[in-house]
>>> print(open('entry-v5.cif').read())   # mmCIF, C-alpha atoms
data_work
loop_
_atom_site.group_PDB
_atom_site.id
_atom_site.type_symbol
_atom_site.label_atom_id
_atom_site.label_comp_id
_atom_site.auth_asym_id
_atom_site.auth_seq_id
_atom_site.Cartn_x
_atom_site.Cartn_y
_atom_site.Cartn_z
ATOM 1 C CA MET A 198 86.126 71.235 97.205
ATOM 2 C CA GLU A 199 87.559 67.927 98.371
ATOM 3 C CA ALA A 200 85.382 65.213 99.851
ATOM 4 C CA SER A 201 86.276 66.404 103.380
ATOM 5 C CA GLY A 202 84.815 69.845 102.653
ATOM 6 C CA ALA A 203 88.263 71.481 102.763
ATOM 7 C CA PRO A 204 89.409 73.436 99.689
ATOM 8 C CA ALA A 205 91.281 71.524 97.023
ATOM 9 C CA GLU A 206 94.832 72.640 96.228
ATOM 10 C CA ALA A 207 93.680 74.085 92.894
ATOM 11 C CA ASP A 208 90.960 76.118 94.616
ATOM 12 C CA TRP A 209 93.487 77.521 97.087
ATOM 13 C CA ARG A 210 95.920 78.452 94.316
ATOM 14 C CA ALA A 211 93.120 80.249 92.492
ATOM 15 C CA HIS A 212 92.293 82.422 95.502
ATOM 16 C CA ARG A 213 95.645 82.792 97.270
ATOM 17 C CA SER A 214 96.442 86.091 95.549
ATOM 18 C CA ALA A 215 93.202 87.600 96.840
ATOM 19 C CA VAL A 216 93.926 86.368 100.378
ATOM 20 C CA PHE A 217 97.460 87.762 100.355
ATOM 21 C CA GLY A 218 96.305 90.945 98.623
ATOM 22 C CA ALA A 219 93.711 91.678 101.290
ATOM 23 C CA ALA A 220 96.197 91.100 104.117
ATOM 24 C CA TYR A 221 98.964 93.142 102.474
ATOM 25 C CA ARG A 222 96.714 96.127 101.813
ATOM 26 C CA ILE A 223 95.506 96.126 105.410
ATOM 27 C CA LEU A 224 98.928 95.550 107.018
ATOM 28 C CA GLY A 225 101.439 97.124 104.600
ATOM 29 C CA SER A 226 103.808 94.283 105.519
ATOM 30 C CA VAL A 227 104.818 91.408 103.272
ATOM 31 C CA ALA A 228 105.994 89.248 106.185
ATOM 32 C CA GLU A 229 102.806 89.780 108.193
ATOM 33 C CA ALA A 230 100.639 89.252 105.115
ATOM 34 C CA GLU A 231 102.405 85.946 104.415
ATOM 35 C CA ASP A 232 101.778 84.872 108.022
ATOM 36 C CA VAL A 233 98.100 85.751 107.667
ATOM 37 C CA THR A 234 97.889 83.863 104.362
ATOM 38 C CA GLN A 235 99.382 80.769 105.953
ATOM 39 C CA GLU A 236 96.950 81.001 108.854
ATOM 40 C CA VAL A 237 94.002 81.297 106.473
ATOM 41 C CA TRP A 238 95.160 78.192 104.624
ATOM 42 C CA LEU A 239 95.418 76.225 107.880
ATOM 43 C CA ARG A 240 91.968 77.417 108.924
ATOM 44 C CA ALA A 241 90.499 76.452 105.557
ATOM 45 C CA ALA A 242 92.235 73.062 105.496
ATOM 46 C CA GLY A 243 90.701 72.177 108.853
ATOM 47 C CA ALA A 244 87.217 73.505 108.180
ATOM 48 C CA ASP A 245 84.145 71.947 106.609
ATOM 49 C CA LEU A 246 83.382 74.332 103.770
ATOM 50 C CA SER A 247 80.914 72.132 101.946
ATOM 51 C CA GLU A 248 78.145 74.664 102.598
ATOM 52 C CA VAL A 249 80.218 77.684 101.551
ATOM 53 C CA ARG A 250 78.859 79.092 98.292
ATOM 54 C CA ASP A 251 81.554 81.698 97.664
ATOM 55 C CA LEU A 252 84.956 80.322 98.675
ATOM 56 C CA ARG A 253 86.847 83.470 97.666
ATOM 57 C CA ALA A 254 84.642 85.662 99.855
ATOM 58 C CA TRP A 255 85.013 83.245 102.776
ATOM 59 C CA LEU A 256 88.810 83.187 102.488
ATOM 60 C CA VAL A 257 89.119 86.968 102.128
ATOM 61 C CA THR A 258 86.817 87.457 105.126
ATOM 62 C CA VAL A 259 89.035 85.234 107.283
ATOM 63 C CA ALA A 260 92.121 87.061 106.003
ATOM 64 C CA ALA A 261 90.619 90.470 106.810
ATOM 65 C CA ARG A 262 89.544 89.392 110.288
ATOM 66 C CA THR A 263 92.990 87.946 111.022
ATOM 67 C CA ALA A 264 94.824 90.990 109.619
ATOM 68 C CA TYR A 265 92.556 93.290 111.647
ATOM 69 C CA SER A 266 93.570 91.463 114.815
ATOM 70 C CA VAL A 267 97.267 91.639 113.878
ATOM 71 C CA LEU A 268 97.054 95.332 113.084
ATOM 72 C CA ARG A 269 95.432 96.226 116.386
ATOM 73 C CA SER A 270 97.965 94.233 118.395
ATOM 74 C CA ALA A 271 100.872 95.787 116.463
ATOM 75 C CA ARG A 272 99.691 99.379 116.876
ATOM 76 C CA VAL A 273 101.976 100.248 119.820
ATOM 77 C CA ARG A 274 105.000 98.790 118.041
ATOM 78 C CA ARG A 275 104.228 100.771 114.899
ATOM 79 C CA GLU A 276 103.809 104.005 116.809
ATOM 80 C CA ALA A 277 107.285 103.468 118.317
ATOM 81 C CA TYR A 278 108.896 102.975 114.900
ATOM 82 C CA VAL A 279 112.165 104.904 114.546
ATOM 83 C CA GLY A 280 111.938 107.594 111.856
ATOM 84 C CA PRO A 281 109.594 107.628 108.841
ATOM 85 C CA TRP A 282 107.778 104.391 107.991
ATOM 86 C CA LEU A 283 107.628 102.985 104.468
ATOM 87 C CA PRO A 284 105.714 99.821 103.546
ATOM 88 C CA GLU A 285 107.599 96.602 102.987
ATOM 89 C CA PRO A 286 108.146 96.492 99.206
ATOM 90 C CA LEU A 287 106.190 93.945 97.237
ATOM 91 C CA LEU A 288 107.971 92.574 94.182
ATOM 92 C CA THR A 289 105.588 92.668 91.219
ATOM 93 C CA GLY A 290 105.897 92.411 87.456
ATOM 94 C CA PRO A 291 105.661 89.699 84.787
ATOM 95 C CA ASP A 292 108.544 87.604 86.160
ATOM 96 C CA VAL A 293 107.145 87.162 89.667
ATOM 97 C CA ALA A 294 105.924 83.637 90.322
ATOM 98 C CA ALA A 295 103.374 84.483 93.038
ATOM 99 C CA ARG A 296 100.701 86.665 91.501
ATOM 100 C CA VAL A 297 99.026 89.391 93.523
ATOM 101 C CA LEU A 298 95.741 91.139 92.856
ATOM 102 C CA MET A 299 97.109 94.426 91.497
ATOM 103 C CA ASP A 300 95.650 97.914 91.383
ATOM 104 C CA GLU A 301 96.362 101.411 92.681
ATOM 105 C CA SER A 302 95.685 100.291 96.257
ATOM 106 C CA VAL A 303 99.053 98.493 96.490
ATOM 107 C CA SER A 304 101.094 101.502 95.332
ATOM 108 C CA THR A 305 103.657 102.788 97.812
ATOM 109 C CA ALA A 306 101.931 106.173 98.028
ATOM 110 C CA MET A 307 98.581 104.560 98.811
ATOM 111 C CA LEU A 308 99.999 102.245 101.468
ATOM 112 C CA ILE A 309 101.658 105.204 103.191
ATOM 113 C CA VAL A 310 98.303 106.970 103.426
ATOM 114 C CA MET A 311 96.669 103.739 104.590
ATOM 115 C CA GLU A 312 99.092 103.687 107.517
ATOM 116 C CA THR A 313 97.497 106.920 108.803
ATOM 117 C CA LEU A 314 94.040 105.314 108.974
ATOM 118 C CA THR A 315 92.648 103.450 111.957
ATOM 119 C CA PRO A 316 92.641 99.639 111.713
ATOM 120 C CA ALA A 317 88.866 99.621 111.272
ATOM 121 C CA GLU A 318 89.008 102.257 108.508
ATOM 122 C CA ARG A 319 91.612 100.250 106.630
ATOM 123 C CA VAL A 320 89.594 97.054 106.785
ATOM 124 C CA ALA A 321 86.376 98.780 105.711
ATOM 125 C CA LEU A 322 88.062 100.535 102.788
ATOM 126 C CA VAL A 323 89.874 97.462 101.497
ATOM 127 C CA LEU A 324 86.918 95.115 101.768
ATOM 128 C CA HIS A 325 84.436 97.515 100.197
ATOM 129 C CA ASP A 326 86.432 99.468 97.620
ATOM 130 C CA VAL A 327 88.854 96.724 96.512
ATOM 131 C CA PHE A 328 86.868 93.525 97.015
ATOM 132 C CA GLY A 329 83.327 94.852 96.701
ATOM 133 C CA PHE A 330 82.071 93.419 99.995
ATOM 134 C CA PRO A 331 78.674 94.622 101.226
ATOM 135 C CA PHE A 332 78.660 96.510 104.505
ATOM 136 C CA ASP A 333 76.762 93.806 106.378
ATOM 137 C CA ARG A 334 79.675 91.404 105.788
ATOM 138 C CA ILE A 335 82.178 94.122 106.713
ATOM 139 C CA ALA A 336 80.231 94.675 109.937
ATOM 140 C CA GLU A 337 80.738 91.002 110.817
ATOM 141 C CA VAL A 338 84.507 91.367 110.416
ATOM 142 C CA LEU A 339 84.665 94.545 112.504
ATOM 143 C CA GLY A 340 82.053 93.558 115.077
ATOM 144 C CA SER A 341 80.078 96.711 114.290
ATOM 145 C CA THR A 342 77.021 97.687 112.255
ATOM 146 C CA PRO A 343 76.646 98.183 108.490
ATOM 147 C CA ALA A 344 76.068 101.905 109.077
ATOM 148 C CA ALA A 345 79.280 102.168 111.079
ATOM 149 C CA GLY A 346 81.195 100.307 108.369
ATOM 150 C CA ARG A 347 79.841 102.681 105.735
ATOM 151 C CA LYS A 348 81.041 105.693 107.751
ATOM 152 C CA LEU A 349 84.464 104.144 108.271
ATOM 153 C CA ALA A 350 84.885 103.497 104.549
ATOM 154 C CA SER A 351 83.698 107.006 103.704
ATOM 155 C CA ARG A 352 86.187 108.630 106.083
ATOM 156 C CA ALA A 353 89.001 106.466 104.759
ATOM 157 C CA ARG A 354 88.052 107.219 101.150
ATOM 158 C CA ALA A 355 88.269 110.953 101.842
ATOM 159 C CA ARG A 356 91.775 110.508 103.254
ATOM 160 C CA VAL A 357 93.078 108.578 100.262
ATOM 161 C CA ALA A 358 91.335 110.696 97.619
ATOM 162 C CA ALA A 359 94.380 112.925 97.112
ATOM 163 C CA VAL A 360 96.556 109.941 96.223
ATOM 164 C CA GLN A 361 93.949 108.496 93.877
ATOM 165 C CA GLU A 362 93.612 111.808 92.037
ATOM 166 C CA ARG A 363 97.364 112.405 91.740
ATOM 167 C CA PRO A 364 98.603 111.947 88.157
ATOM 168 C CA ARG A 365 101.081 109.097 87.783
ATOM 169 C CA ALA A 366 104.060 109.260 85.442
ATOM 170 C CA SER A 367 104.386 106.541 82.840
ATOM 171 C CA ARG A 368 106.643 103.564 83.453
ATOM 172 C CA ALA A 369 109.072 104.787 80.780
ATOM 173 C CA GLU A 370 109.238 108.273 82.288
ATOM 174 C CA THR A 371 109.805 106.903 85.783
ATOM 175 C CA GLU A 372 112.614 104.637 84.599
ATOM 176 C CA ARG A 373 114.233 107.499 82.671
ATOM 177 C CA VAL A 374 114.229 109.779 85.703
ATOM 178 C CA LEU A 375 115.540 107.064 88.050
ATOM 179 C CA ARG A 376 118.432 106.250 85.711
ATOM 180 C CA ALA A 377 119.246 109.922 85.207
ATOM 181 C CA PHE A 378 119.200 110.531 88.950
ATOM 182 C CA ARG A 379 121.560 107.648 89.586
ATOM 183 C CA ALA A 380 123.908 108.770 86.800
ATOM 184 C CA ALA A 381 124.023 112.325 88.178
ATOM 185 C CA ALA A 382 124.751 111.025 91.679
ATOM 186 C CA ASP A 383 127.561 108.790 90.401
ATOM 187 C CA ALA A 384 129.038 111.738 88.475
ATOM 188 C CA GLY A 385 128.800 114.068 91.477
ATOM 189 C CA ASP A 386 126.754 116.455 89.343
ATOM 190 C CA LEU A 387 124.866 118.676 91.790
ATOM 191 C CA ALA A 388 123.267 120.805 89.076
ATOM 192 C CA ALA A 389 121.885 117.770 87.258
ATOM 193 C CA LEU A 390 120.393 116.395 90.475
ATOM 194 C CA VAL A 391 118.745 119.722 91.277
ATOM 195 C CA GLU A 392 117.312 119.875 87.763
ATOM 196 C CA LEU A 393 115.711 116.446 88.230
ATOM 197 C CA LEU A 394 114.050 117.488 91.499
ATOM 198 C CA HIS A 395 111.023 119.707 91.943
ATOM 199 C CA PRO A 396 112.040 122.809 93.962
ATOM 200 C CA GLU A 397 109.732 121.682 96.802
ATOM 201 C CA ALA A 398 110.537 117.974 96.514
ATOM 202 C CA VAL A 399 110.327 115.846 99.654
ATOM 203 C CA TYR A 400 112.836 113.165 100.663
ATOM 204 C CA VAL A 401 111.746 110.324 102.967
ATOM 205 C CA ALA A 402 114.110 107.607 104.221
ATOM 206 C CA ASP A 403 113.196 104.512 106.220
ATOM 207 C CA GLY A 404 116.021 103.010 108.263
ATOM 208 C CA GLY A 405 113.802 101.819 111.093
ATOM 209 C CA GLY A 406 116.656 102.307 113.549
ATOM 210 C CA ARG A 407 118.483 99.461 111.777
ATOM 211 C CA ALA A 408 120.455 101.562 109.293
ATOM 212 C CA THR A 409 121.606 105.167 109.002
ATOM 213 C CA ALA A 410 118.812 107.322 107.578
ATOM 214 C CA ALA A 411 117.300 110.759 108.043
ATOM 215 C CA ARG A 412 114.948 110.660 111.044
ATOM 216 C CA ARG A 413 112.551 113.149 109.476
ATOM 217 C CA PRO A 414 111.454 114.071 105.941
ATOM 218 C CA LEU A 415 113.573 116.691 104.171
ATOM 219 C CA GLN A 416 112.292 119.259 101.687
ATOM 220 C CA GLY A 417 113.931 121.229 98.890
ATOM 221 C CA ALA A 418 115.822 120.280 95.743
ATOM 222 C CA GLN A 419 119.166 121.711 96.876
ATOM 223 C CA LEU A 420 119.040 119.964 100.256
ATOM 224 C CA ILE A 421 118.087 116.599 98.748
ATOM 225 C CA ALA A 422 120.714 116.858 96.008
ATOM 226 C CA ARG A 423 123.493 117.632 98.499
ATOM 227 C CA LEU A 424 122.399 114.777 100.757
ATOM 228 C CA THR A 425 122.417 112.414 97.771
ATOM 229 C CA LEU A 426 125.980 113.378 96.893
ATOM 230 C CA ARG A 427 127.145 112.935 100.505
ATOM 231 C CA GLN A 428 125.590 109.460 100.580
ATOM 232 C CA ALA A 429 127.280 108.574 97.293
ATOM 233 C CA GLU A 430 130.654 109.732 98.638
ATOM 234 C CA LEU A 431 130.318 107.738 101.852
ATOM 235 C CA ARG A 432 129.141 104.578 100.177
ATOM 236 C CA ARG A 433 129.549 103.636 96.546
ATOM 237 C CA PRO A 434 127.554 100.438 96.013
ATOM 238 C CA ALA A 435 128.704 98.155 93.234
ATOM 239 C CA SER A 436 125.680 97.953 90.963
ATOM 240 C CA TYR A 437 122.060 98.822 90.432
ATOM 241 C CA ARG A 438 119.067 97.709 88.401
ATOM 242 C CA ILE A 439 115.500 98.770 87.760
ATOM 243 C CA ILE A 440 112.941 96.391 89.260
ATOM 244 C CA GLU A 441 109.186 96.596 89.712
ATOM 245 C CA VAL A 442 107.789 96.956 93.228
ATOM 246 C CA ASN A 443 104.197 97.743 94.119
ATOM 247 C CA GLY A 444 103.366 98.087 90.439
ATOM 248 C CA GLN A 445 105.947 100.775 89.646
ATOM 249 C CA PRO A 446 109.640 100.932 88.654
ATOM 250 C CA ALA A 447 112.114 101.238 91.511
ATOM 251 C CA LEU A 448 115.897 101.657 91.624
ATOM 252 C CA ALA A 449 117.544 98.777 93.501
ATOM 253 C CA THR A 450 121.167 99.393 94.525
ATOM 254 C CA TYR A 451 123.502 96.568 95.560
ATOM 255 C CA ASP A 452 126.734 96.134 97.472
ATOM 256 C CA GLY A 453 127.942 92.868 96.014
ATOM 257 C CA ASP A 454 124.817 90.691 95.968
ATOM 258 C CA ARG A 455 123.213 92.484 98.926
ATOM 259 C CA LEU A 456 120.409 94.973 98.326
ATOM 260 C CA VAL A 457 121.254 98.121 100.304
ATOM 261 C CA TRP A 458 118.945 100.836 98.915
ATOM 262 C CA LEU A 459 115.572 100.794 97.229
ATOM 263 C CA ASP A 460 114.474 104.103 95.720
ATOM 264 C CA THR A 461 110.959 104.927 94.571
ATOM 265 C CA VAL A 462 109.730 108.257 93.270
ATOM 266 C CA GLU A 463 106.678 110.280 92.401
ATOM 267 C CA ILE A 464 107.049 112.495 89.354
ATOM 268 C CA ALA A 465 105.175 115.494 88.004
ATOM 269 C CA GLY A 466 106.201 117.471 84.948
ATOM 270 C CA GLY A 467 109.320 115.353 84.492
ATOM 271 C CA ARG A 468 110.626 116.190 87.975
ATOM 272 C CA ILE A 469 110.718 114.206 91.210
ATOM 273 C CA THR A 470 108.211 115.511 93.745
ATOM 274 C CA THR A 471 108.728 112.749 96.305
ATOM 275 C CA PHE A 472 111.862 110.638 96.681
ATOM 276 C CA ARG A 473 111.655 107.622 99.006
ATOM 277 C CA ARG A 474 114.706 105.599 100.030
ATOM 278 C CA LEU A 475 114.248 102.334 101.906
ATOM 279 C CA VAL A 476 117.399 101.260 103.756
ATOM 280 C CA ASN A 477 115.930 99.159 106.573
ATOM 281 C CA PRO A 478 117.718 95.810 106.033
ATOM 282 C CA ASP A 479 114.843 93.834 107.544
ATOM 283 C CA LYS A 480 112.461 95.126 104.888
ATOM 284 C CA LEU A 481 114.969 94.884 102.052
ATOM 285 C CA ALA A 482 115.721 91.257 102.907
ATOM 286 C CA LEU A 483 112.170 90.306 102.002
ATOM 287 C CA LEU A 484 112.934 90.986 98.328
ATOM 288 C CA GLY A 485 115.646 88.360 98.444
ATOM 289 C CA HIS A 486 118.254 87.999 95.732
ATOM 290 C CA ILE A 487 116.676 89.299 92.551
#
>>> encode(input="entry-v5.cif", output="structure tokens")
Amino acid sequence: MEASGAPAEADWRAHRSAVFGAAYRILGSVAEAEDVTQEVWLRAAGADLSEVRDLRAWLVTVAARTAYSVLRSARVRREAYVGPWLPEPLLTGPDVAARVLMDESVSTAMLIVMETLTPAERVALVLHDVFGFPFDRIAEVLGSTPAAGRKLASRARARVAAVQERPRASRAETERVLRAFRAAADAGDLAALVELLHPEAVYVADGGGRATAARRPLQGAQLIARLTLRQAELRRPASYRIIEVNGQPALATYDGDRLVWLDTVEIAGGRITTFRRLVNPDKLALLGHI
């Protein structure tokens, strides 16, 4: 702490990842989480924290309370979202300058399930299961009781259990499948695409009304493979590379230096069970020029 009672720059740097991580898990939005993080810093810089024993807990509490308010106010806008919603991708990996507290709770699959929870359930789950907060502190954030917070976290935990129990393919396997899928699409090889997809695979695209994308999830290897080939025929982007987002490999496709598609997958038995394509330019812009 500085003499004024505000956090020193080194203290803030030490805890910033936790502040951002709490906001991102609750909101599923990089831009909104950055706004919350900035607001927490301003609050901390103007506060007398000389009596605060656990600075990290104080900062995360403020972040959770602020994110909770943002989430509730944004609910109507989110419900009016055009087509399927995918979380704003978070660039991770060893080369990223800004570190984020990483675990399964920032995976794309988990954040999609989190979006189905109520704001209060999301806050209770994140604060208790990720940050280990006691329910009396969670009750202060939610304006409820410890018993109510415990029930909220329990309900949320039951909803996300299926994602937590789902086996995850290795990084090497995921990269292999992504590269093979892209190669088959470039070659126009329908049979190879079908072979890479589980017969009941699901395709989800997020255009947000800002780019052309399927307005509903599609199911079936043949249907997804044919759609992939049509997309490749209509638009042949110049290059691609494997990057890491939300802790897993993703296929980033570029038109010149502009990111136009971001593909993430779930794999079981060497085949894609879920294929997600993010094409919303507002969300893709947040990754910047990689």
>>> residues_around(input="entry-v5.cif", residues="A:Val267", least_positions_apart="2", cutoff="12 Å", atoms="only C-alpha atoms", output="PyMOL selection string")
chain A and resi 220-221+223-226+228-230+232-233+236+260-265+269-275+316-317+320
>>> residues_near_point(input="entry-v5.cif", point="(114.8, 101.8, 101.8)", cutoff="6 Å", atoms="all atoms listed in the file", output="list in words")
Asp403, Trp458, Leu459, Arg474, Leu475, Val476 and Asn477 of chain A
>>> atom_distance(input="entry-v5.cif", atom1="atom CA of A:Arg210", atom2="atom CA of A:Gly340")
29.2 Å
>>> closest_residue(input="entry-v5.cif", among="A:Ala306, A:Leu349, A:Glu430, A:Trp282", to="A:Gln361", atoms="all atoms listed in the file")
A:Ala306
>>> residues_around(input="entry-v5.cif", residues="A:Ser367", least_positions_apart="4", cutoff="10 Å", atoms="all atoms listed in the file", output="ChimeraX atom specification")
/A:371-373,445-446,464
>>> closest_residue(input="entry-v5.cif", among="A:Ala482, A:Ala242, A:Val399, A:Leu394", to="A:Gln416", atoms="all atoms listed in the file")
A:Val399
>>> resolve_selection(input="entry-v5.cif", expression="the PyMOL selection byres ((chain A and resi 383-387) around 8)", output="list in words")
Arg379, Ala380, Ala381, Ala382, Ala388, Ala389, Leu390, Val391, Ala422, Arg423, Leu426 and Ala429 of chain A
>>> closest_residue(input="entry-v5.cif", among="A:Ala447, A:Leu484, A:Val257, A:Ala402", to="A:Phe328", atoms="only C-alpha atoms")
A:Val257
>>> atom_distance(input="entry-v5.cif", atom1="atom CA of A:Ala366", atom2="atom CA of A:Ala410")
26.7 Å
>>> atom_distance(input="entry-v5.cif", atom1="atom CA of A:Ser302", atom2="atom CA of A:Thr470")
19.9 Å
>>> residues_around(input="entry-v5.cif", residues="A:Trp238", least_positions_apart="2", cutoff="9 Å", atoms="all atoms listed in the file", output="VMD selection string")
chain A and resid 204 209 213 233 to 236 240 to 243 256
>>> residues_around(input="entry-v5.cif", residues="A:Ala449", least_positions_apart="4", cutoff="12 Å", atoms="all atoms listed in the file", output="ChimeraX atom specification")
/A:286,288,372,375-376,379,434-442,454-461,473-476,481,484-487
>>> build_atoms(input="entry-v5.cif", residues="stretch 341-357 of chain A", atoms="N, CA and C atoms", output="PDB file, in the coordinates of the input")
ATOM      1  N   SER A 341      80.795  95.432 114.211  1.00  0.00           N
ATOM      2  CA  SER A 341      80.078  96.711 114.290  1.00  0.00           C
ATOM      3  C   SER A 341      78.748  96.581 113.546  1.00  0.00           C
ATOM      4  N   THR A 342      78.258  97.678 113.027  1.00  0.00           N
ATOM      5  CA  THR A 342      77.021  97.687 112.255  1.00  0.00           C
ATOM      6  C   THR A 342      77.321  98.085 110.819  1.00  0.00           C
ATOM      7  N   PRO A 343      76.437  97.761 109.878  1.00  0.00           N
ATOM      8  CA  PRO A 343      76.646  98.183 108.490  1.00  0.00           C
ATOM      9  C   PRO A 343      76.776  99.701 108.366  1.00  0.00           C
ATOM     10  N   ALA A 344      75.994 100.438 109.141  1.00  0.00           N
ATOM     11  CA  ALA A 344      76.068 101.905 109.077  1.00  0.00           C
ATOM     12  C   ALA A 344      77.434 102.393 109.538  1.00  0.00           C
ATOM     13  N   ALA A 345      77.961 101.775 110.584  1.00  0.00           N
ATOM     14  CA  ALA A 345      79.280 102.168 111.079  1.00  0.00           C
ATOM     15  C   ALA A 345      80.358 101.842 110.046  1.00  0.00           C
ATOM     16  N   GLY A 346      80.232 100.678 109.404  1.00  0.00           N
ATOM     17  CA  GLY A 346      81.195 100.307 108.369  1.00  0.00           C
ATOM     18  C   GLY A 346      81.172 101.264 107.203  1.00  0.00           C
ATOM     19  N   ARG A 347      79.978 101.722 106.833  1.00  0.00           N
ATOM     20  CA  ARG A 347      79.841 102.681 105.735  1.00  0.00           C
ATOM     21  C   ARG A 347      80.538 103.997 106.080  1.00  0.00           C
ATOM     22  N   LYS A 348      80.395 104.449 107.326  1.00  0.00           N
ATOM     23  CA  LYS A 348      81.041 105.693 107.751  1.00  0.00           C
ATOM     24  C   LYS A 348      82.559 105.543 107.772  1.00  0.00           C
ATOM     25  N   LEU A 349      83.024 104.389 108.232  1.00  0.00           N
ATOM     26  CA  LEU A 349      84.464 104.144 108.271  1.00  0.00           C
ATOM     27  C   LEU A 349      85.056 104.183 106.865  1.00  0.00           C
ATOM     28  N   ALA A 350      84.393 103.521 105.927  1.00  0.00           N
ATOM     29  CA  ALA A 350      84.885 103.497 104.549  1.00  0.00           C
ATOM     30  C   ALA A 350      84.856 104.885 103.933  1.00  0.00           C
ATOM     31  N   SER A 351      83.816 105.657 104.248  1.00  0.00           N
ATOM     32  CA  SER A 351      83.698 107.006 103.704  1.00  0.00           C
ATOM     33  C   SER A 351      84.818 107.901 104.211  1.00  0.00           C
ATOM     34  N   ARG A 352      85.099 107.821 105.515  1.00  0.00           N
ATOM     35  CA  ARG A 352      86.187 108.630 106.083  1.00  0.00           C
ATOM     36  C   ARG A 352      87.524 108.244 105.470  1.00  0.00           C
ATOM     37  N   ALA A 353      87.745 106.941 105.335  1.00  0.00           N
ATOM     38  CA  ALA A 353      89.001 106.466 104.759  1.00  0.00           C
ATOM     39  C   ALA A 353      89.136 106.909 103.307  1.00  0.00           C
ATOM     40  N   ARG A 354      88.038 106.834 102.570  1.00  0.00           N
ATOM     41  CA  ARG A 354      88.052 107.219 101.150  1.00  0.00           C
ATOM     42  C   ARG A 354      88.421 108.690 100.993  1.00  0.00           C
ATOM     43  N   ALA A 355      87.944 109.518 101.897  1.00  0.00           N
ATOM     44  CA  ALA A 355      88.269 110.953 101.842  1.00  0.00           C
ATOM     45  C   ALA A 355      89.752 111.180 102.082  1.00  0.00           C
ATOM     46  N   ARG A 356      90.361 110.345 102.942  1.00  0.00           N
ATOM     47  CA  ARG A 356      91.775 110.508 103.254  1.00  0.00           C
ATOM     48  C   ARG A 356      92.664 110.085 102.078  1.00  0.00           C
ATOM     49  N   VAL A 357      92.236 109.082 101.346  1.00  0.00           N
ATOM     50  CA  VAL A 357      93.078 108.578 100.262  1.00  0.00           C
ATOM     51  C   VAL A 357      92.759 109.230  98.919  1.00  0.00           C
TER      52      VAL A 357
END
